[in-house]
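*Asks:* Contents are TSV, C-alpha atoms and all ligand atoms; file name model-v6.tsv:
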chain	number	residue	atom	x	y	z
A	1176	MET	CA	25.98	-18.57	-21.77
A	1177	ALA	CA	22.73	-18.71	-23.74
A	1178	SER	CA	19.97	-16.81	-22.01
A	1179	SER	CA	16.34	-17.79	-21.70
A	1180	ALA	CA	15.48	-14.66	-19.73
A	1181	PRO	CA	11.99	-13.21	-20.12
A	1182	LYS	CA	11.62	-9.83	-21.85
A	1183	LEU	CA	10.50	-7.09	-19.47
A	1184	ILE	CA	9.61	-3.46	-20.03
A	1185	ALA	CA	9.24	-1.69	-16.68
A	1186	GLY	CA	8.22	1.91	-16.04
A	1187	ASN	CA	9.72	3.68	-13.04
A	1188	TRP	CA	7.46	6.62	-12.25
A	1189	LYS	CA	9.83	7.84	-9.51
A	1190	MET	CA	8.14	10.56	-7.38
A	1191	ASN	CA	5.46	11.32	-9.97
A	1192	GLY	CA	1.78	10.46	-10.07
A	1193	VAL	CA	-1.41	11.16	-8.19
A	1194	LYS	CA	-4.87	9.60	-8.40
A	1195	ALA	CA	-5.70	11.70	-11.47
A	1196	ASP	CA	-3.00	9.79	-13.37
A	1197	LEU	CA	-4.68	6.43	-12.89
A	1198	ALA	CA	-6.63	7.03	-16.11
A	1199	GLU	CA	-3.28	6.61	-17.93
A	1200	VAL	CA	-2.98	3.13	-16.44
A	1201	GLU	CA	-6.44	2.24	-17.71
A	1202	THR	CA	-5.47	3.45	-21.18
A	1203	LEU	CA	-2.29	1.38	-21.01
A	1204	VAL	CA	-4.08	-1.80	-19.90
A	1205	GLN	CA	-6.68	-1.41	-22.64
A	1206	ALA	CA	-4.08	-0.82	-25.34
A	1207	LEU	CA	-2.04	-3.82	-24.18
A	1208	GLY	CA	-5.16	-5.98	-24.32
A	1209	ASN	CA	-5.24	-5.35	-28.10
A	1210	LEU	CA	-1.49	-5.42	-28.57
A	1211	ALA	CA	-0.84	-8.67	-26.64
A	1212	PRO	CA	2.91	-7.97	-26.46
A	1213	ASP	CA	5.31	-10.88	-26.02
A	1214	CYS	CA	7.07	-9.13	-23.16
A	1215	ILE	CA	6.12	-8.59	-19.54
A	1216	VAL	CA	5.05	-5.01	-18.85
A	1217	ALA	CA	5.44	-3.59	-15.36
A	1218	VAL	CA	4.69	-0.23	-13.78
A	1219	CYS	CA	6.41	0.95	-10.59
A	1220	PRO	CA	4.31	3.86	-9.32
A	1221	PRO	CA	4.90	5.72	-6.07
A	1222	ALA	CA	3.87	3.61	-3.07
A	1223	THR	CA	0.77	5.75	-2.54
A	1224	LEU	CA	-0.67	4.47	-5.83
A	1225	LEU	CA	0.61	0.90	-5.80
A	1226	GLN	CA	-2.60	-0.69	-4.58
A	1227	GLN	CA	-4.74	1.27	-7.06
A	1228	VAL	CA	-2.47	0.57	-10.02
A	1229	SER	CA	-2.39	-3.12	-9.07
A	1230	ALA	CA	-6.19	-3.15	-8.94
A	1231	LYS	CA	-6.28	-1.77	-12.49
A	1232	SER	CA	-3.75	-4.27	-13.82
A	1233	GLY	CA	-6.37	-6.09	-15.87
A	1234	LYS	CA	-5.91	-9.64	-14.52
A	1235	GLY	CA	-2.17	-9.42	-14.90
A	1236	THR	CA	-1.91	-7.55	-18.22
A	1237	ILE	CA	0.57	-5.40	-16.37
A	1238	LYS	CA	2.58	-6.25	-13.28
A	1239	THR	CA	3.40	-3.70	-10.64
A	1240	GLY	CA	6.43	-2.99	-8.51
A	1241	GLY	CA	7.68	-0.83	-5.69
A	1242	GLN	CA	10.60	1.59	-6.07
A	1243	ASP	CA	12.46	0.67	-2.87
A	1244	CYS	CA	11.99	-1.44	0.25
A	1245	HIS	CA	13.43	-1.64	3.73
A	1246	VAL	CA	15.77	-4.48	4.67
A	1247	ALA	CA	13.61	-5.47	7.64
A	1248	GLU	CA	10.27	-7.21	7.41
A	1249	LYS	CA	8.60	-4.74	9.80
A	1250	GLY	CA	9.31	-2.62	12.84
A	1251	ALA	CA	10.02	0.88	14.10
A	1252	PHE	CA	11.26	2.45	10.85
A	1253	THR	CA	9.20	5.60	10.40
A	1254	GLY	CA	8.54	6.39	6.77
A	1255	ASP	CA	9.90	3.12	5.39
A	1256	ILE	CA	8.06	0.35	3.59
A	1257	GLY	CA	8.76	-3.37	3.91
A	1258	ALA	CA	8.81	-5.77	0.96
A	1259	ALA	CA	5.89	-7.79	2.33
A	1260	MET	CA	3.82	-4.59	2.39
A	1261	LEU	CA	4.56	-4.02	-1.30
A	1262	ARG	CA	3.57	-7.59	-1.99
A	1263	ASP	CA	0.38	-7.05	0.01
A	1264	ALA	CA	-0.41	-4.02	-2.18
A	1265	GLY	CA	-0.16	-6.20	-5.28
A	1266	ALA	CA	3.48	-5.81	-6.33
A	1267	SER	CA	5.45	-8.50	-8.13
A	1268	TYR	CA	8.71	-6.53	-8.34
A	1269	VAL	CA	10.69	-3.96	-6.39
A	1270	ILE	CA	13.48	-1.74	-7.70
A	1271	VAL	CA	16.49	-1.70	-5.37
A	1272	GLY	CA	19.75	0.22	-5.59
A	1273	HIS	CA	18.56	2.80	-8.10
A	1274	SER	CA	21.32	5.38	-8.58
A	1275	GLU	CA	19.05	8.05	-7.09
A	1276	ARG	CA	18.85	5.95	-3.89
A	1277	ARG	CA	22.57	5.17	-3.95
A	1278	THR	CA	23.45	8.87	-4.39
A	1279	LEU	CA	20.73	10.76	-2.51
A	1280	HIS	CA	20.24	8.22	0.30
A	1281	ALA	CA	23.83	6.98	0.51
A	1282	GLU	CA	22.85	3.37	-0.12
A	1283	THR	CA	25.82	1.03	-0.28
A	1284	ASP	CA	26.16	-2.23	-2.20
A	1285	GLY	CA	25.68	-4.08	1.09
A	1286	MET	CA	22.39	-2.32	1.78
A	1287	VAL	CA	21.19	-3.00	-1.75
A	1288	LYS	CA	22.02	-6.67	-1.36
A	1289	ALA	CA	20.11	-6.84	1.94
A	1290	LYS	CA	17.11	-5.14	0.32
A	1291	ALA	CA	17.20	-7.58	-2.58
A	1292	ARG	CA	17.26	-10.47	-0.10
A	1293	ALA	CA	14.31	-8.94	1.80
A	1294	ALA	CA	12.43	-8.68	-1.50
A	1295	LEU	CA	13.06	-12.33	-2.36
A	1296	ASP	CA	11.98	-13.41	1.13
A	1297	ALA	CA	8.70	-11.56	0.49
A	1298	ARG	CA	8.33	-13.38	-2.87
A	1299	LEU	CA	9.07	-10.26	-4.91
A	1300	THR	CA	11.53	-10.17	-7.80
A	1301	PRO	CA	14.16	-7.50	-7.09
A	1302	ILE	CA	15.22	-5.28	-9.99
A	1303	ILE	CA	18.79	-4.53	-8.91
A	1304	CYS	CA	20.25	-1.39	-10.50
A	1305	VAL	CA	23.91	-0.92	-11.35
A	1306	GLY	CA	25.76	1.60	-13.50
A	1307	GLU	CA	28.84	3.75	-13.78
A	1308	THR	CA	29.25	7.52	-13.50
A	1309	GLN	CA	30.42	9.67	-16.39
A	1310	ARG	CA	33.91	9.91	-14.92
A	1311	GLU	CA	34.16	6.14	-14.53
A	1312	ARG	CA	33.08	5.72	-18.16
A	1313	GLU	CA	35.68	8.27	-19.29
A	1314	ASN	CA	38.35	6.54	-17.23
A	1315	GLY	CA	37.62	3.24	-18.97
A	1316	VAL	CA	36.54	1.44	-15.80
A	1317	ALA	CA	32.80	1.15	-16.47
A	1318	VAL	CA	32.76	-2.65	-16.73
A	1319	THR	CA	34.96	-3.08	-13.66
A	1320	VAL	CA	32.74	-0.75	-11.61
A	1321	VAL	CA	29.57	-2.58	-12.65
A	1322	GLU	CA	31.13	-5.97	-11.88
A	1323	GLN	CA	32.05	-4.70	-8.42
A	1324	GLN	CA	28.49	-3.48	-7.89
A	1325	LEU	CA	27.19	-6.89	-8.96
A	1326	ASN	CA	29.60	-8.60	-6.55
A	1327	GLY	CA	28.36	-6.43	-3.70
A	1328	SER	CA	24.67	-5.93	-4.48
A	1329	THR	CA	23.31	-9.29	-5.57
A	1330	PRO	CA	22.13	-11.90	-3.06
A	1331	ALA	CA	22.72	-15.63	-3.50
A	1332	LEU	CA	19.60	-17.10	-5.10
A	1333	LYS	CA	17.84	-20.06	-3.53
A	1334	ALA	CA	16.03	-22.65	-5.66
A	1335	GLY	CA	13.09	-21.11	-7.49
A	1336	GLU	CA	14.21	-17.51	-6.93
A	1337	THR	CA	15.16	-15.07	-9.63
A	1338	MET	CA	16.17	-11.43	-9.98
A	1339	VAL	CA	16.47	-8.78	-12.67
A	1340	ILE	CA	19.56	-6.66	-13.28
A	1341	ALA	CA	19.07	-3.13	-14.64
A	1342	TYR	CA	22.13	-1.51	-16.20
A	1343	GLU	CA	21.56	2.23	-15.82
A	1344	PRO	CA	24.58	4.42	-16.55
A	1345	VAL	CA	24.21	7.26	-14.02
A	1346	TRP	CA	25.07	9.87	-16.66
A	1347	ALA	CA	22.33	8.65	-18.99
A	1348	ILE	CA	19.48	8.94	-16.48
A	1349	GLY	CA	17.17	11.82	-17.31
A	1350	THR	CA	19.80	13.53	-19.48
A	1351	GLY	CA	18.87	12.48	-23.01
A	1352	LEU	CA	22.36	10.96	-23.33
A	1353	VAL	CA	22.78	7.25	-24.10
A	1354	PRO	CA	25.88	5.10	-24.50
A	1355	SER	CA	26.75	3.89	-27.99
A	1356	LEU	CA	25.10	0.63	-29.02
A	1357	GLU	CA	28.58	-0.97	-28.88
A	1358	ASP	CA	29.07	0.17	-25.28
A	1359	ILE	CA	25.63	-1.14	-24.27
A	1360	ALA	CA	26.38	-4.46	-26.00
A	1361	GLU	CA	29.75	-4.72	-24.24
A	1362	MET	CA	28.23	-4.04	-20.81
A	1363	HIS	CA	25.29	-6.38	-21.21
A	1364	GLY	CA	27.64	-9.10	-22.47
A	1365	ALA	CA	29.85	-8.56	-19.42
A	1366	ILE	CA	26.83	-8.77	-17.09
A	1367	ARG	CA	25.65	-11.96	-18.80
A	1368	ASP	CA	29.16	-13.46	-18.37
A	1369	TRP	CA	29.21	-12.38	-14.73
A	1370	LEU	CA	25.87	-14.12	-14.19
A	1371	GLY	CA	27.26	-17.27	-15.79
A	1372	ARG	CA	30.27	-17.22	-13.47
A	1373	HIS	CA	28.48	-16.29	-10.24
A	1374	VAL	CA	24.89	-17.46	-10.49
A	1375	GLY	CA	25.31	-20.54	-12.65
A	1376	GLU	CA	22.30	-22.08	-14.33
A	1377	ALA	CA	19.74	-19.77	-12.70
A	1378	GLY	CA	21.67	-16.87	-14.24
A	1379	ALA	CA	20.28	-17.72	-17.68
A	1380	GLN	CA	16.82	-16.79	-16.37
A	1381	VAL	CA	17.93	-13.37	-15.13
A	1382	SER	CA	16.72	-10.55	-17.39
A	1383	ILE	CA	19.19	-7.72	-17.99
A	1384	LEU	CA	17.43	-4.40	-18.62
A	1385	TYR	CA	18.88	-1.22	-20.06
A	1386	GLY	CA	17.79	2.07	-18.46
A	1387	GLY	CA	18.73	5.69	-19.06
A	1388	SER	CA	16.98	7.99	-21.54
A	1389	MET	CA	15.32	5.13	-23.39
A	1390	LYS	CA	12.77	6.79	-25.67
A	1391	PRO	CA	10.54	5.77	-28.58
A	1392	ASP	CA	13.21	6.87	-31.07
A	1393	ASN	CA	16.09	4.82	-29.67
A	1394	ALA	CA	14.25	1.87	-28.08
A	1395	ARG	CA	14.18	-0.37	-31.14
A	1396	ALA	CA	17.93	-0.25	-31.70
A	1397	ILE	CA	18.76	-0.73	-28.02
A	1398	LEU	CA	16.28	-3.56	-27.50
A	1399	ALA	CA	17.66	-5.38	-30.56
A	1400	ILE	CA	21.08	-5.79	-28.90
A	1401	ASP	CA	22.00	-9.30	-27.70
A	1402	ASP	CA	21.52	-9.65	-23.95
A	1403	VAL	CA	19.32	-6.57	-23.69
A	1404	ASP	CA	16.22	-8.27	-22.30
A	1405	GLY	CA	14.16	-5.14	-21.88
A	1406	GLY	CA	14.18	-1.65	-20.44
A	1407	LEU	CA	13.70	0.30	-17.22
A	1408	ILE	CA	12.05	3.49	-18.36
A	1409	GLY	CA	11.81	6.72	-16.38
A	1410	GLY	CA	10.49	9.85	-18.10
A	1411	ALA	CA	9.01	8.08	-21.12
A	1412	SER	CA	6.94	5.80	-18.88
A	1413	LEU	CA	4.94	8.82	-17.67
A	1414	LYS	CA	3.36	9.35	-21.08
A	1415	VAL	CA	1.30	6.38	-22.09
A	1416	GLU	CA	1.85	6.87	-25.86
A	1417	GLU	CA	5.64	6.95	-25.43
A	1418	PHE	CA	5.60	3.97	-23.10
A	1419	LEU	CA	3.43	2.01	-25.55
A	1420	SER	CA	5.72	2.85	-28.39
A	1421	ILE	CA	8.68	1.41	-26.44
A	1422	ILE	CA	6.63	-1.71	-25.66
A	1423	ARG	CA	5.87	-2.08	-29.39
A	1424	ALA	CA	9.59	-1.81	-30.11
A	1425	ALA	CA	10.20	-4.73	-27.76
A	1501	LIG	P1	14.99	8.13	-17.68
A	1501	LIG	O1	14.34	7.13	-18.61
A	1501	LIG	O2	14.09	9.28	-17.35
A	1501	LIG	O3	16.34	8.52	-18.13
A	1501	LIG	O4	15.18	7.37	-16.27
A	1501	LIG	C1	15.76	6.11	-16.27
A	1501	LIG	C2	15.62	5.56	-14.91
A	1501	LIG	O5	16.21	6.05	-13.96
A	1501	LIG	C3	14.75	4.40	-14.72
A	1501	LIG	O6	14.91	3.83	-13.47
Would you kindly transcribe this structure into structure tokens?
*Replies:*
Amino acid sequence: MASSAPKLIAGNWKMNGVKADLAEVETLVQALGNLAPDCIVAVCPPATLLQQVSAKSGKGTIKTGGQDCHVAEKGAFTGDIGAAMLRDAGASYVIVGHSERRTLHAETDGMVKAKARAALDARLTPIICVGETQRERENGVAVTVVEQQLNGSTPALKAGETMVIAYEPVWAIGTGLVPSLEDIAEMHGAIRDWLGRHVGEAGAQVSILYGGSMKPDNARAILAIDDVDGGLIGGASLKVEEFLSIIRAA
């Protein structure tokens, strides 16, 4: 299936960032004003900074996103944040099902799917993360595992809705390890095929991001692969020069 998915480079700050780091966002917005990249750039700061980063987004030069949301719209869920609240703070996206949430907070495919549905209902685009462990890769079941995660974690899209899929091999996150370009190409091709089979026409609009130790020195080669529509960047999104250099590669 031919894809017409938009290119997206998104930074996931994880649990990093305080007010003093907002100057980095200003630098980023200014640099992007000159660069005028032909990809969407998004920053997903911790929830405490979402409103402030959104306010600095330079009339949409960058988009912002949350890093997680609750399945419910509101209610007695101490410590949780609903998708509509993220939207209210200026977000366009929300990451759901990141491997750190799946592992450290025992999130299941079903929960991820419900969160993605809650995001769509709040008019956010969910960035749904999938990816195999090292053992699954070694056992040759990486594609099967990711297809199962897609089966379980993606909501049915209604007219006008879209989502983003982020392929993040668990073993590549924060380790400096990356799959071979052939393995990334195989997985992104398999995800694109899955979208064709299960989402139909709207699937062509779904961007498939690669995430896991994407850095300035490997970004160009990874982003040149067919069906890699962008990146979800952790560590390298915390340093504005590195993040910019990945955006330039896109
Ligand atoms: P790193 O880029 O630090 O490996 O993190 C990737 C990631 O988890 C993005 O969501």
*Asks:* Report, in Å to a single decimal, how far apart CA of Cys1304 in chain A and atom O1 of ligand LIG 1501 (chain A) are.
*Replies:*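 Calculated distance between atom O1 of ligand LIG 1501 (chain A) and CA of Cys1304 in chain A is 13.2 Å.
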*Asks:* Ligand LIG 1501 (chain A): which residues are within 9 Å, counting all atoms listed in the file, as a PDB file with C-alpha atoms, keeping the file's coordinate frame?
*Replies:*
ATOM      1  CA  ALA A1185       9.240  -1.690 -16.680  1.00  0.00           C
ATOM      2  CA  GLY A1186       8.220   1.910 -16.040  1.00  0.00           C
ATOM      3  CA  ASN A1187       9.720   3.680 -13.040  1.00  0.00           C
ATOM      4  CA  TRP A1188       7.460   6.620 -12.250  1.00  0.00           C
ATOM      5  CA  LYS A1189       9.830   7.840  -9.510  1.00  0.00           C
ATOM      6  CA  GLN A1242      10.600   1.590  -6.070  1.00  0.00           C
ATOM      7  CA  ILE A1270      13.480  -1.740  -7.700  1.00  0.00           C
ATOM      8  CA  HIS A1273      18.560   2.800  -8.100  1.00  0.00           C
ATOM      9  CA  SER A1274      21.320   5.380  -8.580  1.00  0.00           C
ATOM     10  CA  GLU A1275      19.050   8.050  -7.090  1.00  0.00           C
ATOM     11  CA  CYS A1304      20.250  -1.390 -10.500  1.00  0.00           C
ATOM     12  CA  ALA A1341      19.070  -3.130 -14.640  1.00  0.00           C
ATOM     13  CA  GLU A1343      21.560   2.230 -15.820  1.00  0.00           C
ATOM     14  CA  PRO A1344      24.580   4.420 -16.550  1.00  0.00           C
ATOM     15  CA  VAL A1345      24.210   7.260 -14.020  1.00  0.00           C
ATOM     16  CA  TRP A1346      25.070   9.870 -16.660  1.00  0.00           C
ATOM     17  CA  ALA A1347      22.330   8.650 -18.990  1.00  0.00           C
ATOM     18  CA  ILE A1348      19.480   8.940 -16.480  1.00  0.00           C
ATOM     19  CA  GLY A1349      17.170  11.820 -17.310  1.00  0.00           C
ATOM     20  CA  THR A1350      19.800  13.530 -19.480  1.00  0.00           C
ATOM     21  CA  GLY A1351      18.870  12.480 -23.010  1.00  0.00           C
ATOM     22  CA  LEU A1352      22.360  10.960 -23.330  1.00  0.00           C
ATOM     23  CA  VAL A1353      22.780   7.250 -24.100  1.00  0.00           C
ATOM     24  CA  TYR A1385      18.880  -1.220 -20.060  1.00  0.00           C
ATOM     25  CA  GLY A1386      17.790   2.070 -18.460  1.00  0.00           C
ATOM     26  CA  GLY A1387      18.730   5.690 -19.060  1.00  0.00           C
ATOM     27  CA  SER A1388      16.980   7.990 -21.540  1.00  0.00           C
ATOM     28  CA  MET A1389      15.320   5.130 -23.390  1.00  0.00           C
ATOM     29  CA  LYS A1390      12.770   6.790 -25.670  1.00  0.00           C
ATOM     30  CA  GLY A1406      14.180  -1.650 -20.440  1.00  0.00           C
ATOM     31  CA  LEU A1407      13.700   0.300 -17.220  1.00  0.00           C
ATOM     32  CA  ILE A1408      12.050   3.490 -18.360  1.00  0.00           C
ATOM     33  CA  GLY A1409      11.810   6.720 -16.380  1.00  0.00           C
ATOM     34  CA  GLY A1410      10.490   9.850 -18.100  1.00  0.00           C
ATOM     35  CA  ALA A1411       9.010   8.080 -21.120  1.00  0.00           C
ATOM     36  CA  SER A1412       6.940   5.800 -18.880  1.00  0.00           C
TER      37      SER A1412
END
*Asks:* With all atoms listed in the file as the counted atoms, please give the residues lying no more than 7 Å from range 1223-1227 of chain A, apart from itself and same-chain residues fewer than 4 positions off, as a VMD selection string.
*Replies:* chain A and resid 1231 1264 to 1265
*Asks:* Taking into account only C-alpha atoms, which residue in the set A:Ser1355, A:Thr1329, A:Thr1319, A:Thr1239 is nearest to Ala1222 in chain A?
*Replies:*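 That would be A:Thr1239, the residue with the smallest distance to Ala1222 in chain A.
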*Asks:* Measure the distance from CA of Leu1203 in chain A to CA of Gly1240 in chain A in Å and round it to one decimal.
*Replies:* 15.9 Å
*Asks:* To one decimal place, how far is CA of Glu1417 in chain A from CA of Ala1258 in chain A in Å?
*Replies:* 29.5 Å
*Asks:* Every residue with an atom at most 9 Å from (14.9, 1.0, -27.4) (file coordinates; all atoms listed in the file) is what I'm after, so could you write them as a list in words?
*Replies:* Tyr1385, Met1389, Lys1390, Pro1391, Asp1392, Asn1393, Ala1394, Arg1395, Ala1396, Ile1397, Leu1398, Ala1399, Gly1405, Gly1406, Ile1421, Ile1422, Ala1424 and Ala1425 of chain A
*Asks:* Just write the chosen residues, C-alpha atoms, as a compact mmCIF listing (two decimals), in the coordinates of the input.
*Replies:*
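Writing the result to selection-v9.txt gives the following:
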# COMPACT_ATOMS: atom_id res chain seq x y z
CA TYR A 1385 18.88 -1.22 -20.06
CA MET A 1389 15.32 5.13 -23.39
CA LYS A 1390 12.77 6.79 -25.67
CA PRO A 1391 10.54 5.77 -28.58
CA ASP A 1392 13.21 6.87 -31.07
CA ASN A 1393 16.09 4.82 -29.67
CA ALA A 1394 14.25 1.87 -28.08
CA ARG A 1395 14.18 -0.37 -31.14
CA ALA A 1396 17.93 -0.25 -31.70
CA ILE A 1397 18.76 -0.73 -28.02
CA LEU A 1398 16.28 -3.56 -27.50
CA ALA A 1399 17.66 -5.38 -30.56
CA GLY A 1405 14.16 -5.14 -21.88
CA GLY A 1406 14.18 -1.65 -20.44
CA ILE A 1421 8.68 1.41 -26.44
CA ILE A 1422 6.63 -1.71 -25.66
CA ALA A 1424 9.59 -1.81 -30.11
CA ALA A 1425 10.20 -4.73 -27.76
*Asks:* Just checking: using all atoms listed in the file, which residue out of A:Arg1292, A:His1373, A:Lys1249, A:Arg1310 ends up closest to Met1338 in chain A?
*Replies:*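 When distances to Met1338 in chain A are compared using all atoms listed in the file, the smallest one comes from A:Arg1292.
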*Asks:* Generate all heavy atoms for range 1414-1423 of chain A and emit them as an mmCIF file, in the frame of the given file.
*Replies:*
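The new file result-v2.cif reads:
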data_model
loop_
_atom_site.group_PDB
_atom_site.id
_atom_site.type_symbol
_atom_site.label_atom_id
_atom_site.label_comp_id
_atom_site.auth_asym_id
_atom_site.auth_seq_id
_atom_site.Cartn_x
_atom_site.Cartn_y
_atom_site.Cartn_z
ATOM 1 N N LYS A 1414 4.305 9.028 -19.999
ATOM 2 C CA LYS A 1414 3.360 9.350 -21.080
ATOM 3 C C LYS A 1414 2.990 8.052 -21.758
ATOM 4 O O LYS A 1414 3.844 7.384 -22.350
ATOM 5 C CB LYS A 1414 4.033 10.311 -22.080
ATOM 6 C CG LYS A 1414 4.408 11.630 -21.425
ATOM 7 C CD LYS A 1414 5.082 12.573 -22.400
ATOM 8 C CE LYS A 1414 5.872 13.626 -21.640
ATOM 9 N NZ LYS A 1414 7.330 13.508 -21.805
ATOM 10 N N VAL A 1415 1.708 7.719 -21.693
ATOM 11 C CA VAL A 1415 1.300 6.380 -22.090
ATOM 12 C C VAL A 1415 1.643 6.098 -23.558
ATOM 13 O O VAL A 1415 2.067 4.988 -23.905
ATOM 14 C CB VAL A 1415 -0.200 6.147 -21.758
ATOM 15 C CG1 VAL A 1415 -1.120 6.912 -22.660
ATOM 16 C CG2 VAL A 1415 -0.531 4.687 -21.749
ATOM 17 N N GLU A 1416 1.545 7.109 -24.438
ATOM 18 C CA GLU A 1416 1.850 6.870 -25.860
ATOM 19 C C GLU A 1416 3.327 6.528 -26.051
ATOM 20 O O GLU A 1416 3.679 5.647 -26.836
ATOM 21 C CB GLU A 1416 1.458 8.086 -26.706
ATOM 22 C CG GLU A 1416 0.026 8.049 -27.210
ATOM 23 C CD GLU A 1416 -0.414 6.661 -27.713
ATOM 24 O OE1 GLU A 1416 0.349 6.034 -28.467
ATOM 25 O OE2 GLU A 1416 -1.501 6.193 -27.337
ATOM 26 N N GLU A 1417 4.191 7.237 -25.314
ATOM 27 C CA GLU A 1417 5.640 6.950 -25.430
ATOM 28 C C GLU A 1417 5.952 5.567 -24.862
ATOM 29 O O GLU A 1417 6.734 4.808 -25.440
ATOM 30 C CB GLU A 1417 6.448 8.024 -24.681
ATOM 31 C CG GLU A 1417 6.416 9.366 -25.377
ATOM 32 C CD GLU A 1417 7.452 10.347 -24.834
ATOM 33 O OE1 GLU A 1417 8.386 9.945 -24.111
ATOM 34 O OE2 GLU A 1417 7.312 11.539 -25.144
ATOM 35 N N PHE A 1418 5.338 5.265 -23.728
ATOM 36 C CA PHE A 1418 5.600 3.970 -23.100
ATOM 37 C C PHE A 1418 5.142 2.844 -24.034
ATOM 38 O O PHE A 1418 5.858 1.858 -24.249
ATOM 39 C CB PHE A 1418 4.873 3.915 -21.747
ATOM 40 C CG PHE A 1418 5.315 2.791 -20.845
ATOM 41 C CD1 PHE A 1418 6.661 2.517 -20.638
ATOM 42 C CD2 PHE A 1418 4.376 2.017 -20.169
ATOM 43 C CE1 PHE A 1418 7.072 1.474 -19.800
ATOM 44 C CE2 PHE A 1418 4.769 0.980 -19.321
ATOM 45 C CZ PHE A 1418 6.111 0.716 -19.141
ATOM 46 N N LEU A 1419 3.957 3.021 -24.620
ATOM 47 C CA LEU A 1419 3.430 2.010 -25.550
ATOM 48 C C LEU A 1419 4.343 1.847 -26.762
ATOM 49 O O LEU A 1419 4.559 0.740 -27.240
ATOM 50 C CB LEU A 1419 2.029 2.419 -26.023
ATOM 51 C CG LEU A 1419 0.871 1.991 -25.125
ATOM 52 C CD1 LEU A 1419 -0.409 2.701 -25.544
ATOM 53 C CD2 LEU A 1419 0.688 0.472 -25.169
ATOM 54 N N SER A 1420 4.885 2.955 -27.204
ATOM 55 C CA SER A 1420 5.720 2.850 -28.390
ATOM 56 C C SER A 1420 7.020 2.091 -28.076
ATOM 57 O O SER A 1420 7.519 1.326 -28.908
ATOM 58 C CB SER A 1420 5.881 4.247 -28.977
ATOM 59 O OG SER A 1420 7.155 4.562 -29.216
ATOM 60 N N ILE A 1421 7.518 2.213 -26.846
ATOM 61 C CA ILE A 1421 8.680 1.410 -26.440
ATOM 62 C C ILE A 1421 8.294 -0.068 -26.317
ATOM 63 O O ILE A 1421 9.045 -0.960 -26.728
ATOM 64 C CB ILE A 1421 9.264 1.955 -25.112
ATOM 65 C CG1 ILE A 1421 9.849 3.357 -25.350
ATOM 66 C CG2 ILE A 1421 10.319 1.019 -24.546
ATOM 67 C CD1 ILE A 1421 10.298 4.092 -24.101
ATOM 68 N N ILE A 1422 7.099 -0.317 -25.782
ATOM 69 C CA ILE A 1422 6.630 -1.710 -25.660
ATOM 70 C C ILE A 1422 6.494 -2.341 -27.058
ATOM 71 O O ILE A 1422 6.887 -3.487 -27.278
ATOM 72 C CB ILE A 1422 5.293 -1.763 -24.903
ATOM 73 C CG1 ILE A 1422 5.509 -1.323 -23.436
ATOM 74 C CG2 ILE A 1422 4.648 -3.145 -24.965
ATOM 75 C CD1 ILE A 1422 4.242 -0.954 -22.692
ATOM 76 N N ARG A 1423 5.992 -1.551 -28.008
ATOM 77 C CA ARG A 1423 5.870 -2.080 -29.390
ATOM 78 C C ARG A 1423 7.251 -2.395 -29.947
ATOM 79 O O ARG A 1423 7.432 -3.392 -30.637
ATOM 80 C CB ARG A 1423 5.184 -1.045 -30.296
ATOM 81 C CG ARG A 1423 3.683 -1.077 -30.170
ATOM 82 C CD ARG A 1423 3.010 -0.216 -31.249
ATOM 83 N NE ARG A 1423 1.770 0.324 -30.728
ATOM 84 C CZ ARG A 1423 1.624 1.583 -30.298
ATOM 85 N NH1 ARG A 1423 2.619 2.442 -30.396
ATOM 86 N NH2 ARG A 1423 0.477 1.970 -29.786
#
